[in-house]
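J.: Please find coords.cif (mmCIF, C-alpha atoms) on the next line:
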data_coords
#
loop_
_atom_site.label_atom_id
_atom_site.label_comp_id
_atom_site.auth_asym_id
_atom_site.auth_seq_id
_atom_site.Cartn_x
_atom_site.Cartn_y
_atom_site.Cartn_z
CA MET O 24 13.84 -14.18 6.29
CA ILE O 25 13.99 -14.38 2.52
CA LYS O 26 16.40 -12.08 0.71
CA LEU O 27 15.30 -8.88 -1.02
CA LYS O 28 16.09 -10.16 -4.54
CA GLN O 29 14.14 -13.34 -3.84
CA LEU O 30 11.13 -11.32 -2.63
CA GLU O 31 11.21 -9.09 -5.71
CA SER O 32 11.44 -12.14 -7.96
CA LEU O 33 8.41 -13.74 -6.26
CA LEU O 34 6.35 -10.56 -6.56
CA GLN O 35 7.02 -10.35 -10.29
CA ASP O 36 4.67 -13.34 -10.58
CA VAL O 37 1.73 -11.34 -9.20
CA ASP O 38 -0.81 -10.70 -11.99
CA VAL O 39 -1.85 -7.06 -12.47
CA PHE O 40 -4.84 -5.20 -13.94
CA GLU O 41 -5.84 -5.98 -17.51
CA LYS O 42 -8.31 -3.07 -17.60
CA PRO O 43 -7.40 -0.53 -14.89
CA LYS O 44 -10.12 1.91 -13.84
CA ILE O 45 -9.19 5.57 -13.77
CA GLN O 46 -11.88 6.41 -11.19
CA PHE O 47 -9.94 4.31 -8.67
CA GLU O 48 -6.51 5.47 -9.92
CA GLN O 49 -5.48 1.86 -10.43
CA TYR O 50 -1.74 1.98 -11.00
CA PRO O 51 0.00 -1.27 -10.04
CA THR O 52 2.72 -1.13 -7.41
CA SER O 53 5.78 -2.61 -9.11
CA ALA O 54 7.52 -5.65 -7.64
CA HIS O 55 10.64 -3.47 -7.35
CA ILE O 56 8.96 -0.86 -5.13
CA ALA O 57 6.71 -3.29 -3.22
CA SER O 58 9.60 -5.58 -2.30
CA ARG O 59 11.64 -2.66 -0.95
CA MET O 60 8.73 -1.25 1.07
CA LEU O 61 8.08 -4.61 2.69
CA TYR O 62 11.69 -5.70 3.16
CA THR O 63 12.50 -2.38 4.88
CA ALA O 64 9.47 -2.67 7.17
CA GLN O 65 10.57 -6.09 8.34
CA SER O 66 14.37 -5.83 8.36
CA MET O 67 14.56 -2.38 9.97
CA TYR O 68 11.42 -2.23 12.12
CA ASP O 69 10.12 -5.80 12.61
CA ASP O 70 6.64 -4.68 11.54
CA ILE O 71 5.55 -7.77 9.55
CA GLU O 72 6.63 -11.14 10.95
CA ASP O 73 3.97 -12.58 13.29
CA LYS O 74 1.94 -9.36 12.93
CA ILE O 75 -1.62 -8.71 11.73
CA VAL O 76 -1.26 -6.70 8.53
CA ALA O 77 -3.77 -4.73 6.43
CA ASP O 78 -3.53 -3.46 2.86
CA LEU O 79 -5.85 -0.51 2.09
CA GLY O 80 -6.77 -0.34 -1.59
CA CYS O 81 -5.07 -3.67 -2.15
CA GLY O 82 -5.60 -3.77 -5.91
CA CYS O 83 -4.08 -7.00 -7.22
CA GLY O 84 -2.57 -7.79 -3.82
CA VAL O 85 1.18 -7.35 -4.31
CA LEU O 86 1.71 -5.74 -0.87
CA SER O 87 -0.44 -8.31 0.92
CA ILE O 88 1.23 -11.23 -0.83
CA GLY O 89 4.67 -9.81 -0.12
CA ALA O 90 3.82 -9.34 3.56
CA ASN O 91 2.66 -12.94 3.65
CA GLN O 92 5.96 -14.10 2.19
CA LEU O 93 7.77 -12.20 4.97
CA GLY O 94 5.87 -14.04 7.69
CA ALA O 95 2.76 -11.98 8.45
CA LEU O 96 0.51 -13.81 10.88
CA TYR O 97 -2.65 -12.72 9.03
CA ASN O 98 -3.53 -10.33 6.20
CA PHE O 99 -6.62 -8.25 5.53
CA ALA O 100 -6.81 -6.90 1.97
CA PHE O 101 -9.40 -4.16 1.40
CA ASP O 102 -10.59 -2.76 -1.93
CA ILE O 103 -13.72 -1.16 -3.35
CA ASP O 104 -13.44 -2.86 -6.75
CA ASP O 105 -14.78 -6.38 -7.40
CA ASP O 106 -12.47 -6.91 -10.39
CA ALA O 107 -9.38 -5.99 -8.38
CA LEU O 108 -10.42 -8.35 -5.60
CA GLU O 109 -10.95 -11.16 -8.10
CA ILE O 110 -7.41 -10.73 -9.47
CA CYS O 111 -6.15 -10.57 -5.89
CA ARG O 112 -8.01 -13.80 -5.09
CA GLU O 113 -6.46 -15.55 -8.09
CA ASN O 114 -3.01 -14.32 -7.03
CA MET O 115 -3.63 -15.51 -3.49
CA GLU O 116 -4.58 -18.95 -4.76
CA GLY O 117 -1.52 -19.02 -7.01
CA PHE O 118 0.70 -18.43 -3.99
CA GLU O 119 -1.36 -20.92 -1.94
CA ILE O 120 -2.09 -18.34 0.75
CA GLU O 121 -4.73 -19.25 3.32
CA ASN O 122 -4.16 -16.76 6.15
CA MET O 123 -5.63 -13.80 4.24
CA ASP O 124 -9.10 -12.25 3.96
CA LEU O 125 -10.25 -10.20 0.98
CA ILE O 126 -12.89 -7.62 1.89
CA LYS O 127 -14.89 -5.34 -0.40
CA VAL O 128 -15.26 -1.96 1.26
CA ASP O 129 -15.08 1.77 0.65
CA VAL O 130 -12.11 2.83 2.78
CA GLU O 131 -14.00 5.97 3.81
CA THR O 132 -16.60 3.82 5.63
CA LEU O 133 -14.25 1.09 6.90
CA THR O 134 -14.55 0.15 10.57
CA LEU O 135 -12.76 -2.69 12.37
CA ARG O 136 -13.74 -4.32 15.66
CA ASP O 137 -10.09 -5.09 16.41
CA LYS O 138 -7.17 -3.02 15.17
CA VAL O 139 -4.34 -4.45 13.08
CA ASP O 140 -0.64 -4.05 13.83
CA THR O 141 0.65 -2.65 10.55
CA VAL O 142 -0.89 -1.11 7.42
CA PHE O 143 0.71 -1.02 3.97
CA MET O 144 -0.75 0.97 1.12
CA ASN O 145 -0.14 2.72 -2.14
CA PRO O 146 -3.17 5.02 -1.96
CA PRO O 147 -4.68 6.93 -4.86
CA PHE O 148 -2.92 10.29 -5.08
CA GLY O 149 -6.23 12.07 -5.58
CA THR O 150 -4.97 13.96 -8.59
CA LYS O 151 -7.57 13.02 -11.20
CA THR O 152 -10.93 12.33 -9.63
CA HIS O 153 -11.08 12.52 -5.85
CA LYS O 154 -8.94 15.31 -4.42
CA GLY O 155 -7.77 14.58 -0.90
CA ILE O 156 -8.48 10.85 -1.03
CA ASP O 157 -4.83 10.12 -0.18
CA MET O 158 -5.33 11.80 3.20
CA VAL O 159 -8.58 9.90 3.78
CA PHE O 160 -6.67 6.65 3.27
CA LEU O 161 -3.87 7.82 5.55
CA LYS O 162 -6.14 8.88 8.42
CA LYS O 163 -8.02 5.58 8.21
CA ALA O 164 -4.77 3.59 8.20
CA ILE O 165 -3.59 5.39 11.32
CA ASP O 166 -6.96 4.86 13.02
CA ILE O 167 -7.04 1.08 12.45
CA SER O 168 -3.39 0.32 13.32
CA THR O 169 -1.45 0.00 16.57
CA ARG O 170 2.18 -0.08 15.33
CA ALA O 171 2.91 1.59 12.00
CA VAL O 172 1.64 2.65 8.59
CA TYR O 173 3.79 2.43 5.43
CA SER O 174 2.59 4.47 2.49
CA LEU O 175 3.61 6.16 -0.77
CA HIS O 176 2.81 9.85 -1.28
CA LYS O 177 3.79 12.49 -3.80
CA THR O 178 6.88 14.33 -2.58
CA SER O 179 5.11 17.62 -3.31
CA THR O 180 2.65 16.88 -0.46
CA ARG O 181 5.36 16.15 2.16
CA GLU O 182 4.99 19.34 4.17
CA HIS O 183 1.20 18.94 4.40
CA ILE O 184 1.50 15.29 5.40
CA PHE O 185 4.03 16.01 8.16
CA LYS O 186 1.69 18.68 9.53
CA LYS O 187 -1.29 16.29 9.54
CA ALA O 188 0.76 13.49 11.13
CA LYS O 189 1.62 15.81 14.01
CA GLU O 190 -2.07 16.71 14.39
CA TRP O 191 -2.97 13.02 14.47
CA GLY O 192 -0.37 12.18 17.12
CA VAL O 193 1.95 9.98 15.05
CA SER O 194 5.56 10.42 13.99
CA CYS O 195 6.42 10.51 10.30
CA GLU O 196 9.72 9.81 8.60
CA VAL O 197 10.82 9.70 4.98
CA VAL O 198 12.26 6.20 4.64
CA ALA O 199 13.20 6.75 0.99
CA GLU O 200 12.64 9.08 -1.95
CA LEU O 201 11.51 7.17 -5.02
CA ARG O 202 10.81 7.81 -8.65
CA TYR O 203 7.48 6.16 -9.34
CA ASP O 204 7.22 5.15 -12.98
CA ILE O 205 3.61 5.24 -14.16
CA PRO O 206 3.26 3.49 -17.53
CA ALA O 207 0.82 4.79 -20.13
CA MET O 208 -2.29 2.88 -19.06
CA TYR O 209 -5.08 5.34 -19.80
CA LYS O 210 -6.18 7.24 -22.89
CA PHE O 211 -5.28 10.65 -21.43
CA HIS O 212 -1.63 9.61 -21.05
CA LYS O 213 0.35 11.29 -23.81
CA LYS O 214 3.77 9.80 -22.95
CA LYS O 215 4.83 6.17 -22.73
CA SER O 216 5.53 6.61 -19.04
CA VAL O 217 5.77 9.37 -16.45
CA ASP O 218 8.15 9.57 -13.49
CA ILE O 219 6.60 11.01 -10.33
CA GLN O 220 8.69 11.89 -7.29
CA VAL O 221 7.28 9.90 -4.41
CA ASP O 222 8.10 9.61 -0.70
CA PHE O 223 8.06 6.22 0.98
CA LEU O 224 6.83 7.18 4.45
CA ARG O 225 6.59 5.40 7.80
CA PHE O 226 4.09 6.65 10.33
CA ALA O 227 4.57 5.27 13.83
CA HIS O 228 2.29 5.31 16.85
CA PRO O 229 3.91 6.94 19.91
CA ASP O 230 5.17 3.75 21.56
CA GLN O 231 6.54 2.35 18.26
CA GLU O 232 8.90 5.10 17.14
#
Represent the structure of the file as structure tokens.
T.:
Amino acid sequence: MIKLKQLESLLQDVDVFEKPKIQFEQYPTSAHIASRMLYTAQSMYDDIEDKIVADLGCGCGVLSIGANQLGALYNFAFDIDDDALEICRENMEGFEIENMDLIKVDVETLTLRDKVDTVFMNPPFGTKTHKGIDMVFLKKAIDISTRAVYSLHKTSTREHIFKKAKEWGVSCEVVAELRYDIPAMYKFHKKKSVDIQVDFLRFAHPDQE
């Protein structure tokens, strides 16, 4: 397995949004955070290598590409936005990745014939336009996976998320507490960047705890 620093260095070459769309809350997942999410999932839980992996709201594809670099058997990258998928496709070609499908879909209507092993995502927090969309993403991720879901959520929603996880029959653990730096990308941003307290969470199906 490649080392963490090597993975982060590789992911710094992933192109990101030139014109992010606020309606989709398009904030790129930094190489620093993405590499740590993925490296932890593989080194501590063996949830990537030789597994079928999905990325919900893939954006420019940093989580999918990172999973590929850690030995995922196959990747499915889902997003609602054509422009994001085009950047993701260009990134995929730049890394010469062939075992990956890019699929345009609204996560709310996503159905899969066969489930995947593991889901990674940095879902929209639902703070600006679509309240509760983070939980829609999370429920879908749990429904389409058989092993685990790795996701980023605002620390302020932790209690609610733990309650829902119990309802949905999965375990939930805080793998790490992060400070998510959101750069000033939109006109309504008054500051150069904003730090948000974020939980890196792992949700595991009953036989994968």
J.: Can you tell me, as a tab-separated table (two decimals) with C-alpha atoms, in the coordinates of the input, which residues sit within 12 Å of (12.5, -16.7, -0.5) in the file's frame, using all atoms listed in the file?
T.:
chain	number	residue	atom	x	y	z
O	24	MET	CA	13.84	-14.18	6.29
O	25	ILE	CA	13.99	-14.38	2.52
O	26	LYS	CA	16.40	-12.08	0.71
O	27	LEU	CA	15.30	-8.88	-1.02
O	28	LYS	CA	16.09	-10.16	-4.54
O	29	GLN	CA	14.14	-13.34	-3.84
O	30	LEU	CA	11.13	-11.32	-2.63
O	31	GLU	CA	11.21	-9.09	-5.71
O	32	SER	CA	11.44	-12.14	-7.96
O	33	LEU	CA	8.41	-13.74	-6.26
O	34	LEU	CA	6.35	-10.56	-6.56
O	58	SER	CA	9.60	-5.58	-2.30
O	62	TYR	CA	11.69	-5.70	3.16
O	89	GLY	CA	4.67	-9.81	-0.12
O	91	ASN	CA	2.66	-12.94	3.65
O	92	GLN	CA	5.96	-14.10	2.19
O	93	LEU	CA	7.77	-12.20	4.97
O	94	GLY	CA	5.87	-14.04	7.69
J.: For this file, the PyMOL selection byres ((chain O and resi 69-71) around 8) selects which residues, as a ChimeraX atom specification?
T.: /O:61,64-68,72-76,90,93-96,140-141,170-171
J.: Which residue out of O:Met144, O:Ile219, O:Leu161, O:Ile110 has the minimum interatomic distance to Ala57 in chain O when all atoms listed in the file are used?
T.: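 Among O:Met144, O:Ile219, O:Leu161, O:Ile110, it is O:Met144 that comes nearest to Ala57 in chain O.
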J.: For the file shown, what are the residues hit by the PyMOL selection byres ((chain O and resi 164-168) around 8), laid out as a PyMOL selection string?
T.: chain O and resi 79+134-135+137-142+160-163+169-172+226
J.: Which residue, O:Glu121, O:Asp222, O:Glu196, O:Asp102, has the smallest gap to Leu175 in chain O when you use all atoms listed in the file?
T.: O:Asp222
J.: Could you jot down the CA of Lys187 in chain O to CA of Arg136 in chain O separation for me, Å, one decimal place?
T.: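 According to the coordinates, CA of Lys187 in chain O and CA of Arg136 in chain O are separated by 24.8 Å.
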J.: What does the distance from CA of Gln220 in chain O to CA of Val197 in chain O come to in Å, to one decimal?
T.: 12.6 Å
J.: From the set O:Asn122, O:Asn114, O:Thr178, O:Gln231, which residue has the shortest atom-to-atom contact distance to Asp36 in chain O, counting only C-alpha atoms?
T.: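 Once distances to Asp36 in chain O are computed over only C-alpha atoms, the minimum belongs to O:Asn114.
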J.: List the residues matched by the PyMOL selection byres ((chain O and resi 223) around 9) in the displayed structure as a PyMOL selection string, ordered by chain and then by residue number.
T.: chain O and resi 60+173-178+196-201+221-222+224-225
J.: To one decimal place in Å, what is the distance between CA of Asp104 in chain O and CA of Phe143 in chain O?
T.: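 Between these atoms lies a distance of 17.8 Å.
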J.: Quick one: residues within 9 Å of (-3.4, -8.4, -8.9) (file frame), counting all atoms listed in the file, please, as a short mmCIF file (atom, residue, chain, number, x, y, z; two decimals) with C-alpha atoms, keeping the file's coordinate frame.
T.:
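In the end it all went to part08.cif:
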data_model
loop_
_atom_site.label_atom_id
_atom_site.label_comp_id
_atom_site.auth_asym_id
_atom_site.auth_seq_id
_atom_site.Cartn_x
_atom_site.Cartn_y
_atom_site.Cartn_z
CA VAL O 37 1.73 -11.34 -9.20
CA ASP O 38 -0.81 -10.70 -11.99
CA VAL O 39 -1.85 -7.06 -12.47
CA PHE O 40 -4.84 -5.20 -13.94
CA PRO O 51 0.00 -1.27 -10.04
CA CYS O 81 -5.07 -3.67 -2.15
CA GLY O 82 -5.60 -3.77 -5.91
CA CYS O 83 -4.08 -7.00 -7.22
CA GLY O 84 -2.57 -7.79 -3.82
CA VAL O 85 1.18 -7.35 -4.31
CA ALA O 107 -9.38 -5.99 -8.38
CA LEU O 108 -10.42 -8.35 -5.60
CA GLU O 109 -10.95 -11.16 -8.10
CA ILE O 110 -7.41 -10.73 -9.47
CA CYS O 111 -6.15 -10.57 -5.89
CA ARG O 112 -8.01 -13.80 -5.09
CA GLU O 113 -6.46 -15.55 -8.09
CA ASN O 114 -3.01 -14.32 -7.03
CA MET O 115 -3.63 -15.51 -3.49
#
J.: Using all atoms listed in the file, which of O:Glu182, O:Gly192, O:Gly80, O:Leu86 sits nearest Pro147 in chain O?
T.: O:Gly80
J.: For a quick check of understanding, using only C-alpha atoms, which of O:Ser179, O:Asp124, O:Gly117, O:Asp129 has the smallest distance to Tyr97 in chain O?
T.: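 Smallest distance to Tyr97 in chain O is found for O:Asp124.
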J.: Which one of O:Met123, O:Ala54, O:Ala188, O:Val193 sits closest to Asp78 in chain O if you count only C-alpha atoms?
T.: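 Looking only at the distances to Asp78 in chain O, the closest residue turns out to be O:Met123.
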